[in-house]
$ cat structure.cif   # mmCIF, C-alpha atoms and all ligand atoms
data_query
#
loop_
_atom_site.label_atom_id
_atom_site.label_comp_id
_atom_site.auth_asym_id
_atom_site.auth_seq_id
_atom_site.Cartn_x
_atom_site.Cartn_y
_atom_site.Cartn_z
CA MET A 237 39.34 -30.47 20.64
CA THR A 238 42.87 -29.57 19.54
CA LYS A 239 43.94 -29.63 15.87
CA LYS A 240 46.08 -32.72 16.59
CA GLN A 241 43.11 -34.56 18.15
CA LEU A 242 40.89 -33.55 15.20
CA ASP A 243 43.51 -34.85 12.73
CA GLN A 244 43.57 -38.16 14.63
CA VAL A 245 39.77 -38.46 14.45
CA ILE A 246 39.80 -37.71 10.70
CA GLU A 247 42.59 -40.26 10.19
CA TRP A 248 40.54 -42.83 12.11
CA PHE A 249 37.49 -42.12 9.90
CA ILE A 250 39.59 -42.47 6.72
CA ASP A 251 41.07 -45.78 7.95
CA ALA A 252 37.51 -46.97 8.69
CA GLY A 253 36.53 -46.23 5.07
CA VAL A 254 34.39 -43.15 5.77
CA THR A 255 34.13 -40.96 2.65
CA ASP A 256 31.35 -38.46 3.57
CA LEU A 257 30.38 -36.65 6.75
CA ILE A 258 26.72 -35.74 7.13
CA SER A 259 25.68 -33.07 9.59
CA ASP A 260 22.11 -32.97 10.92
CA SER A 261 22.13 -29.20 11.05
CA ARG A 262 22.74 -27.08 7.96
CA PRO A 263 25.37 -24.39 8.18
CA THR A 264 23.75 -20.98 8.02
CA TYR A 265 25.60 -18.33 6.06
CA LYS A 266 24.94 -15.02 7.69
CA LYS A 267 26.89 -11.93 6.71
CA SER A 268 26.19 -9.48 9.50
CA ALA A 269 23.44 -7.13 8.36
CA LYS A 270 25.52 -4.34 9.92
CA ASP A 271 28.19 -4.66 7.19
CA ILE A 272 25.68 -4.10 4.38
CA THR A 273 25.51 -0.68 2.78
CA THR A 274 23.48 -1.17 -0.43
CA LEU A 275 20.28 -2.92 -1.51
CA ALA A 276 22.31 -5.08 -3.92
CA GLN A 277 24.53 -6.29 -1.06
CA LEU A 278 21.47 -6.93 1.08
CA LYS A 279 19.87 -9.01 -1.67
CA GLU A 280 23.07 -10.96 -2.24
CA SER A 281 23.47 -11.67 1.49
CA ILE A 282 19.90 -12.88 1.86
CA LEU A 283 20.28 -15.11 -1.22
CA LYS A 284 23.28 -16.78 0.43
CA ILE A 285 21.41 -17.65 3.62
CA ASP A 286 21.05 -21.41 3.67
CA ILE A 287 17.94 -22.38 5.62
CA PRO A 288 15.26 -25.06 5.13
CA LEU A 289 12.65 -22.30 4.52
CA LYS A 290 13.96 -21.77 0.99
CA ASP A 291 13.85 -25.47 0.05
CA CYS A 292 10.17 -25.40 -0.94
CA ALA A 293 10.24 -21.93 -2.52
CA ILE A 294 10.71 -21.19 -6.22
CA ASN A 295 11.99 -17.62 -5.95
CA MET A 296 13.31 -15.27 -3.38
CA VAL A 297 10.99 -12.28 -3.03
CA PHE A 298 13.06 -9.22 -2.10
CA GLY A 299 11.31 -5.88 -2.55
CA VAL A 300 9.68 -3.76 -5.21
CA GLY A 301 8.91 -0.13 -5.88
CA ASN A 302 10.53 3.23 -5.40
CA GLU A 303 13.85 2.92 -3.59
CA ARG A 304 13.52 6.54 -2.44
CA ALA A 305 9.92 6.17 -1.26
CA GLU A 306 8.48 8.06 1.70
CA ILE A 307 6.32 5.04 2.51
CA LEU A 308 7.47 1.47 2.96
CA LEU A 309 4.84 -1.27 3.23
CA LEU A 310 5.91 -4.35 5.15
CA GLY A 311 4.03 -7.61 4.62
CA GLU A 312 4.42 -11.04 6.17
CA ALA A 313 5.79 -13.44 3.57
CA PRO A 314 5.27 -14.27 -0.10
CA GLY A 315 2.27 -16.36 -1.13
CA ALA A 316 2.03 -18.76 -4.08
CA GLU A 317 1.81 -16.10 -6.81
CA GLU A 318 4.59 -13.99 -5.29
CA ASP A 319 6.75 -17.12 -5.08
CA LYS A 320 6.12 -17.81 -8.79
CA GLN A 321 6.89 -14.26 -9.91
CA GLY A 322 9.50 -13.24 -7.29
CA ILE A 323 7.58 -10.01 -6.62
CA PRO A 324 5.76 -9.06 -3.40
CA PHE A 325 1.99 -8.64 -3.34
CA VAL A 326 1.09 -9.68 -6.88
CA GLY A 327 -1.67 -12.14 -5.92
CA GLN A 328 -5.23 -11.39 -4.80
CA SER A 329 -4.18 -9.50 -1.68
CA GLY A 330 -1.76 -7.47 -3.81
CA GLN A 331 -4.63 -6.43 -6.08
CA LEU A 332 -6.55 -5.17 -3.06
CA LEU A 333 -3.43 -3.43 -1.78
CA ASP A 334 -3.09 -1.63 -5.14
CA LYS A 335 -6.70 -0.40 -4.82
CA MET A 336 -6.07 0.80 -1.24
CA LEU A 337 -2.99 2.68 -2.42
CA ALA A 338 -4.88 4.17 -5.38
CA ALA A 339 -7.54 5.43 -2.95
CA ILE A 340 -4.91 7.70 -1.38
CA GLU A 341 -3.36 8.59 -4.74
CA LEU A 342 -0.41 6.24 -4.45
CA ASP A 343 0.88 3.41 -6.59
CA ARG A 344 3.88 1.11 -6.77
CA THR A 345 6.05 3.79 -8.37
CA LYS A 346 5.64 5.92 -5.24
CA VAL A 347 5.97 3.33 -2.44
CA TYR A 348 8.34 0.49 -1.59
CA ILE A 349 7.01 -2.96 -0.66
CA THR A 350 8.78 -5.82 1.09
CA ASN A 351 8.07 -8.64 3.55
CA ILE A 352 9.39 -9.99 6.84
CA LEU A 353 10.35 -13.28 5.13
CA PRO A 354 11.87 -13.36 1.63
CA TRP A 355 10.73 -16.94 0.90
CA ARG A 356 7.26 -18.45 0.87
CA PRO A 357 6.76 -20.67 3.92
CA PRO A 358 5.55 -24.15 2.85
CA GLY A 359 1.76 -24.28 2.61
CA ASN A 360 1.63 -20.54 3.46
CA ARG A 361 2.15 -21.30 7.13
CA THR A 362 2.81 -18.41 9.52
CA PRO A 363 6.51 -17.54 9.92
CA THR A 364 8.03 -19.15 13.01
CA ASN A 365 9.54 -17.05 15.81
CA GLN A 366 12.95 -18.41 14.84
CA GLU A 367 12.52 -17.27 11.21
CA ILE A 368 11.31 -13.86 12.36
CA GLU A 369 14.31 -13.49 14.72
CA MET A 370 16.67 -14.50 11.95
CA PHE A 371 15.33 -12.07 9.34
CA ARG A 372 14.58 -9.10 11.61
CA PRO A 373 18.11 -7.59 11.27
CA TYR A 374 17.77 -7.82 7.47
CA VAL A 375 14.33 -6.19 7.59
CA LEU A 376 15.75 -3.36 9.73
CA LYS A 377 18.60 -2.94 7.26
CA HIS A 378 16.15 -2.97 4.33
CA ILE A 379 14.12 -0.20 5.99
CA SER A 380 17.20 1.87 6.78
CA LEU A 381 18.48 1.58 3.17
CA ILE A 382 15.15 2.85 1.79
CA ASN A 383 14.94 5.41 4.61
CA PRO A 384 11.18 6.07 4.40
CA LYS A 385 9.28 8.50 6.63
CA VAL A 386 6.48 6.03 7.28
CA VAL A 387 6.47 2.23 7.62
CA VAL A 388 3.10 0.52 7.27
CA CYS A 389 2.99 -2.95 8.83
CA LEU A 390 0.44 -5.01 6.92
CA GLY A 391 -1.05 -7.43 9.42
CA GLY A 392 -0.26 -8.82 12.82
CA THR A 393 2.80 -10.85 11.89
CA ALA A 394 4.63 -7.91 10.33
CA ALA A 395 3.67 -5.68 13.27
CA LYS A 396 4.73 -8.21 15.91
CA ALA A 397 8.00 -8.94 14.13
CA LEU A 398 9.01 -5.31 13.64
CA LEU A 399 7.71 -3.95 16.94
CA LYS A 400 8.71 -7.01 19.01
CA THR A 401 5.34 -6.96 20.72
CA SER A 402 2.87 -9.66 21.64
CA GLN A 403 -0.11 -7.32 21.11
CA GLY A 404 -2.50 -8.28 18.35
CA ILE A 405 -3.31 -6.26 15.25
CA VAL A 406 -6.71 -5.19 16.59
CA GLN A 407 -4.98 -3.36 19.47
CA LEU A 408 -2.12 -2.06 17.34
CA ARG A 409 -3.82 -0.90 14.16
CA GLY A 410 -4.15 2.77 13.46
CA LYS A 411 -1.62 3.78 16.15
CA TRP A 412 1.59 5.59 15.37
CA ILE A 413 4.50 3.80 17.02
CA ASN A 414 8.19 4.64 17.26
CA ILE A 415 10.96 2.14 17.92
CA GLU A 416 14.60 2.94 18.53
CA GLU A 417 15.90 0.89 15.58
CA VAL A 418 13.75 2.64 12.93
CA SER A 419 13.76 6.38 12.29
CA ALA A 420 10.40 6.29 10.43
CA LYS A 421 7.03 6.46 12.14
CA ILE A 422 5.37 3.05 12.12
CA ILE A 423 1.67 2.35 11.69
CA PRO A 424 0.17 -1.15 11.70
CA THR A 425 -3.00 -1.86 9.75
CA PHE A 426 -4.95 -4.92 8.66
CA HIS A 427 -3.41 -7.25 6.09
CA PRO A 428 -5.24 -7.11 2.73
CA ALA A 429 -5.68 -10.91 2.82
CA TYR A 430 -7.57 -10.49 6.09
CA LEU A 431 -9.70 -7.73 4.53
CA LEU A 432 -10.62 -10.11 1.70
CA ARG A 433 -11.89 -12.55 4.33
CA ALA A 434 -13.46 -9.88 6.56
CA PRO A 435 -14.61 -7.04 4.26
CA SER A 436 -16.45 -5.31 7.15
CA GLN A 437 -13.01 -4.32 8.51
CA LYS A 438 -12.25 -2.31 5.36
CA ARG A 439 -13.73 0.76 7.07
CA GLU A 440 -10.97 0.67 9.73
CA ALA A 441 -8.28 0.06 7.12
CA TRP A 442 -9.62 3.01 5.11
CA GLN A 443 -9.28 5.21 8.23
CA ASP A 444 -5.68 4.03 8.61
CA PHE A 445 -4.90 4.83 4.98
CA LEU A 446 -6.40 8.33 5.33
CA ASN A 447 -4.27 8.76 8.45
CA ILE A 448 -1.18 7.69 6.46
CA LYS A 449 -2.02 10.14 3.67
CA GLU A 450 -2.37 12.97 6.15
CA ALA A 451 0.91 12.09 7.89
CA ILE A 452 2.77 11.96 4.60
CA SER A 453 1.47 15.36 3.49
CA ALA A 454 2.52 16.81 6.85
CA LEU A 455 5.97 15.24 6.67
CA ILE A 456 6.86 16.29 3.12
N1 LIG A 501 1.07 -11.57 1.66
C1 LIG A 501 2.16 -10.98 2.18
O1 LIG A 501 2.24 -10.73 3.37
N2 LIG A 501 3.13 -10.65 1.33
C2 LIG A 501 3.10 -10.88 0.04
O2 LIG A 501 4.03 -10.55 -0.67
C3 LIG A 501 1.93 -11.48 -0.48
C4 LIG A 501 0.93 -11.82 0.34
#
$ encode --input "structure.cif" --output "structure tokens"
Amino acid sequence: MTKKQLDQVIEWFIDAGVTDLISDSRPTYKKSAKDITTLAQLKESILKIDIPLKDCAINMVFGVGNERAEILLLGEAPGAEEDKQGIPFVGQSGQLLDKMLAAIELDRTKVYITNILPWRPPGNRTPTNQEIEMFRPYVLKHISLINPKVVVCLGGTAAKALLKTSQGIVQLRGKWINIEEVSAKIIPTFHPAYLLRAPSQKREAWQDFLNIKEAISALI
């Protein structure tokens, strides 16, 4: 449509008494993740994204921890408690995660923690493929700004989203994986929420954490 034709349509609407135009799709603000060079810019850009996902959430949950960490832990999405506090992994699964970190002499001052999605999906549903696609460039930018040596994917959703694989967490866990877009070594392991439901799998997760500890000592 030319500008002249558009003007004529608008004029027609005005003559017909139309005062508001309602679109059925919301405009999505998306500053290219490529243009972002700091964590503050990344946070600001994500805050400006206008998508239905954030409608039910209280807070955006960005990231927490040491911005110069050697290890970055990547979860799925905030839960109810994280949504309330705006901090990743502060609910029950976060408490287990803290214990797992303590077991290899780490804590939140030494690692960085973030999620694939920055807002809690309504009813804690699994992130959709569309949401994952949309946030993946921001997750990659987040990882590159922290520049860790190791990325730990907590659970199948984080692993699938980052690695772009359809393999499940049982196949992926405990394996070191490299992808072109991330300079760190990546290791998927079970999500702490899953370990709370299936405590017999803690043995495997413990192996993965020992593996991570060993890799970090070798890399530093
Ligand atoms: N589960 C996640 O994947 N991330 C959180 O921040 C909390 C629970």
$ residues_near_point --input "structure.cif" --point "(-0.1, -3.3, 10.9)" --cutoff "9 Å" --atoms "all atoms listed in the file" --output "list in words"
Leu310, Gly311, Val388, Cys389, Leu390, Gly391, Gly392, Thr393, Ala394, Ala395, Lys396, Ile405, Val406, Leu408, Arg409, Gly410, Lys411, Ile422, Ile423, Pro424, Thr425, Phe426 and His427 of chain A
$ write_last_selection --input "structure.cif" --atoms "C-alpha atoms" --output "PDB file, in the frame of the given file"
ATOM      1  CA  LEU A 310       5.910  -4.350   5.150  1.00  0.00           C
ATOM      2  CA  GLY A 311       4.030  -7.610   4.620  1.00  0.00           C
ATOM      3  CA  VAL A 388       3.100   0.520   7.270  1.00  0.00           C
ATOM      4  CA  CYS A 389       2.990  -2.950   8.830  1.00  0.00           C
ATOM      5  CA  LEU A 390       0.440  -5.010   6.920  1.00  0.00           C
ATOM      6  CA  GLY A 391      -1.050  -7.430   9.420  1.00  0.00           C
ATOM      7  CA  GLY A 392      -0.260  -8.820  12.820  1.00  0.00           C
ATOM      8  CA  THR A 393       2.800 -10.850  11.890  1.00  0.00           C
ATOM      9  CA  ALA A 394       4.630  -7.910  10.330  1.00  0.00           C
ATOM     10  CA  ALA A 395       3.670  -5.680  13.270  1.00  0.00           C
ATOM     11  CA  LYS A 396       4.730  -8.210  15.910  1.00  0.00           C
ATOM     12  CA  ILE A 405      -3.310  -6.260  15.250  1.00  0.00           C
ATOM     13  CA  VAL A 406      -6.710  -5.190  16.590  1.00  0.00           C
ATOM     14  CA  LEU A 408      -2.120  -2.060  17.340  1.00  0.00           C
ATOM     15  CA  ARG A 409      -3.820  -0.900  14.160  1.00  0.00           C
ATOM     16  CA  GLY A 410      -4.150   2.770  13.460  1.00  0.00           C
ATOM     17  CA  LYS A 411      -1.620   3.780  16.150  1.00  0.00           C
ATOM     18  CA  ILE A 422       5.370   3.050  12.120  1.00  0.00           C
ATOM     19  CA  ILE A 423       1.670   2.350  11.690  1.00  0.00           C
ATOM     20  CA  PRO A 424       0.170  -1.150  11.700  1.00  0.00           C
ATOM     21  CA  THR A 425      -3.000  -1.860   9.750  1.00  0.00           C
ATOM     22  CA  PHE A 426      -4.950  -4.920   8.660  1.00  0.00           C
ATOM     23  CA  HIS A 427      -3.410  -7.250   6.090  1.00  0.00           C
TER      24      HIS A 427
END
$ residues_around --input "structure.cif" --residues "Ala305 of chain A" --least-positions-apart "2" --cutoff "8 Å" --atoms "all atoms listed in the file" --output "number ranges by chain"
A: 301-303, 307-308, 346-348, 382-384
$ closest_residue --input "structure.cif" --among "A:Leu381, A:Gly327, A:Gly315, A:Gln366" --to "Ala276 of chain A" --atoms "only C-alpha atoms"
A:Leu381
$ residues_near_ligand --input "structure.cif" --ligand "ligand LIG 501 (chain A)" --cutoff "6 Å" --atoms "all atoms listed in the file" --output "list in words"
Gly311, Glu312, Ala313, Pro314, Gly315, Glu318, Pro324, Phe325, Ser329 and Asn351 of chain A
$ residues_around --input "structure.cif" --residues "Asp291 of chain A" --least-positions-apart "5" --cutoff "10 Å" --atoms "only C-alpha atoms" --output "PyMOL selection string"
chain A and resi 286+355-358
$ write_last_selection --input "structure.cif" --atoms "C-alpha atoms" --output "PDB file, in the coordinates of the input"
ATOM      1  CA  ASP A 286      21.050 -21.410   3.670  1.00  0.00           C
ATOM      2  CA  TRP A 355      10.730 -16.940   0.900  1.00  0.00           C
ATOM      3  CA  ARG A 356       7.260 -18.450   0.870  1.00  0.00           C
ATOM      4  CA  PRO A 357       6.760 -20.670   3.920  1.00  0.00           C
ATOM      5  CA  PRO A 358       5.550 -24.150   2.850  1.00  0.00           C
TER       6      PRO A 358
END
$ closest_residue --input "structure.cif" --among "A:Ile368, A:Met336, A:Leu432, A:Ile349" --to "Ile448 of chain A" --atoms "all atoms listed in the file"
A:Met336
$ atom_distance --input "structure.cif" --atom1 "atom CA of Lys449 of chain A" --atom2 "atom CA of Ile340 of chain A"
6.3 Å
$ atom_distance --input "structure.cif" --atom1 "atom CA of Leu353 of chain A" --atom2 "atom CA of Glu367 of chain A"
7.6 Å
$ atom_distance --input "structure.cif" --atom1 "atom CA of Lys279 of chain A" --atom2 "atom CA of Thr345 of chain A"
20.0 Å
$ residues_near_point --input "structure.cif" --point "(6.5, -24.1, -8.6)" --cutoff "9 Å" --atoms "only C-alpha atoms" --output "NGL selection string"
:A and (292-295 or 316 or 319-320)
$ write_last_selection --input "structure.cif" --atoms "C-alpha atoms" --output "PDB file, in the coordinates of the input"
ATOM      1  CA  CYS A 292      10.170 -25.400  -0.940  1.00  0.00           C
ATOM      2  CA  ALA A 293      10.240 -21.930  -2.520  1.00  0.00           C
ATOM      3  CA  ILE A 294      10.710 -21.190  -6.220  1.00  0.00           C
ATOM      4  CA  ASN A 295      11.990 -17.620  -5.950  1.00  0.00           C
ATOM      5  CA  ALA A 316       2.030 -18.760  -4.080  1.00  0.00           C
ATOM      6  CA  ASP A 319       6.750 -17.120  -5.080  1.00  0.00           C
ATOM      7  CA  LYS A 320       6.120 -17.810  -8.790  1.00  0.00           C
TER       8      LYS A 320
END
$ closest_residue --input "structure.cif" --among "A:Arg372, A:Ala434, A:Glu341, A:Glu317" --to "Ser453 of chain A" --atoms "only C-alpha atoms"
A:Glu341
$ closest_residue --input "structure.cif" --among "A:Ile456, A:Ile415, A:Ile323, A:Leu283" --to "Val387 of chain A" --atoms "only C-alpha atoms"
A:Ile415
$ axis_aligned_box --input "structure.cif" --around "segment 323-331 of chain A" --padding-each-side "6 Å" --output "lines of an AutoDock Vina configuration file"
center_x = 1.2
center_y = -9.3
center_z = -4.3
size_x = 24.8
size_y = 17.7
size_z = 17.2
$ closest_residue --input "structure.cif" --among "A:Gly322, A:Pro354, A:Gly330, A:Pro373" --to "Lys290 of chain A" --atoms "all atoms listed in the file"
A:Pro354
$ decode --input "structure.cif" --residues "segment 387-398 of chain A" --atoms "all heavy atoms" --output "mmCIF file, in the first residue's frame"
data_model
loop_
_atom_site.group_PDB
_atom_site.id
_atom_site.type_symbol
_atom_site.label_atom_id
_atom_site.label_comp_id
_atom_site.auth_asym_id
_atom_site.auth_seq_id
_atom_site.Cartn_x
_atom_site.Cartn_y
_atom_site.Cartn_z
ATOM 1 N N VAL A 387 29.258 -24.254 31.015
ATOM 2 C CA VAL A 387 27.815 -23.973 31.151
ATOM 3 C C VAL A 387 27.130 -25.271 31.547
ATOM 4 O O VAL A 387 27.301 -26.295 30.879
ATOM 5 C CB VAL A 387 27.203 -23.451 29.823
ATOM 6 C CG1 VAL A 387 25.685 -23.322 29.943
ATOM 7 C CG2 VAL A 387 27.806 -22.110 29.429
ATOM 8 N N VAL A 388 26.394 -25.225 32.649
ATOM 9 C CA VAL A 388 25.657 -26.403 33.113
ATOM 10 C C VAL A 388 24.183 -26.199 32.780
ATOM 11 O O VAL A 388 23.555 -25.262 33.280
ATOM 12 C CB VAL A 388 25.821 -26.601 34.642
ATOM 13 C CG1 VAL A 388 25.105 -27.865 35.096
ATOM 14 C CG2 VAL A 388 27.298 -26.642 35.030
ATOM 15 N N CYS A 389 23.652 -27.041 31.911
ATOM 16 C CA CYS A 389 22.212 -26.952 31.592
ATOM 17 C C CYS A 389 21.456 -27.774 32.619
ATOM 18 O O CYS A 389 21.667 -28.990 32.736
ATOM 19 C CB CYS A 389 21.920 -27.533 30.211
ATOM 20 S SG CYS A 389 22.602 -26.560 28.882
ATOM 21 N N LEU A 390 20.580 -27.118 33.361
ATOM 22 C CA LEU A 390 19.809 -27.811 34.397
ATOM 23 C C LEU A 390 18.489 -28.288 33.798
ATOM 24 O O LEU A 390 17.555 -27.506 33.614
ATOM 25 C CB LEU A 390 19.565 -26.875 35.578
ATOM 26 C CG LEU A 390 20.831 -26.389 36.296
ATOM 27 C CD1 LEU A 390 20.504 -25.261 37.269
ATOM 28 C CD2 LEU A 390 21.514 -27.543 37.034
ATOM 29 N N GLY A 391 18.457 -29.545 33.427
ATOM 30 C CA GLY A 391 17.222 -30.134 32.912
ATOM 31 C C GLY A 391 17.118 -30.153 31.401
ATOM 32 O O GLY A 391 17.876 -29.482 30.689
ATOM 33 N N GLY A 392 16.159 -30.927 30.951
ATOM 34 C CA GLY A 392 15.979 -31.168 29.518
ATOM 35 C C GLY A 392 15.619 -29.933 28.720
ATOM 36 O O GLY A 392 16.116 -29.747 27.606
ATOM 37 N N THR A 393 14.799 -29.056 29.278
ATOM 38 C CA THR A 393 14.373 -27.884 28.499
ATOM 39 C C THR A 393 15.557 -26.962 28.226
ATOM 40 O O THR A 393 15.740 -26.499 27.100
ATOM 41 C CB THR A 393 13.251 -27.114 29.243
ATOM 42 O OG1 THR A 393 12.181 -28.033 29.472
ATOM 43 C CG2 THR A 393 12.752 -25.951 28.443
ATOM 44 N N ALA A 394 16.365 -26.721 29.257
ATOM 45 C CA ALA A 394 17.529 -25.845 29.060
ATOM 46 C C ALA A 394 18.499 -26.480 28.060
ATOM 47 O O ALA A 394 19.040 -25.799 27.180
ATOM 48 C CB ALA A 394 18.228 -25.590 30.397
ATOM 49 N N ALA A 395 18.694 -27.800 28.178
ATOM 50 C CA ALA A 395 19.630 -28.481 27.280
ATOM 51 C C ALA A 395 19.123 -28.437 25.838
ATOM 52 O O ALA A 395 19.866 -28.081 24.915
ATOM 53 C CB ALA A 395 19.826 -29.932 27.733
ATOM 54 N N LYS A 396 17.847 -28.749 25.652
ATOM 55 C CA LYS A 396 17.279 -28.751 24.293
ATOM 56 C C LYS A 396 17.350 -27.367 23.674
ATOM 57 O O LYS A 396 17.653 -27.209 22.501
ATOM 58 C CB LYS A 396 15.818 -29.192 24.329
ATOM 59 C CG LYS A 396 15.663 -30.687 24.395
ATOM 60 C CD LYS A 396 14.191 -31.038 24.331
ATOM 61 C CE LYS A 396 14.007 -32.495 24.708
ATOM 62 N NZ LYS A 396 12.629 -32.844 24.935
ATOM 63 N N ALA A 397 17.028 -26.360 24.495
ATOM 64 C CA ALA A 397 16.999 -24.985 23.980
ATOM 65 C C ALA A 397 18.398 -24.518 23.576
ATOM 66 O O ALA A 397 18.585 -23.942 22.511
ATOM 67 C CB ALA A 397 16.420 -24.048 25.040
ATOM 68 N N LEU A 398 19.372 -24.778 24.426
ATOM 69 C CA LEU A 398 20.722 -24.284 24.131
ATOM 70 C C LEU A 398 21.380 -25.106 23.018
ATOM 71 O O LEU A 398 22.018 -24.557 22.125
ATOM 72 C CB LEU A 398 21.591 -24.320 25.402
ATOM 73 C CG LEU A 398 22.978 -23.709 25.225
ATOM 74 C CD1 LEU A 398 22.884 -22.219 24.891
ATOM 75 C CD2 LEU A 398 23.837 -23.890 26.461
#
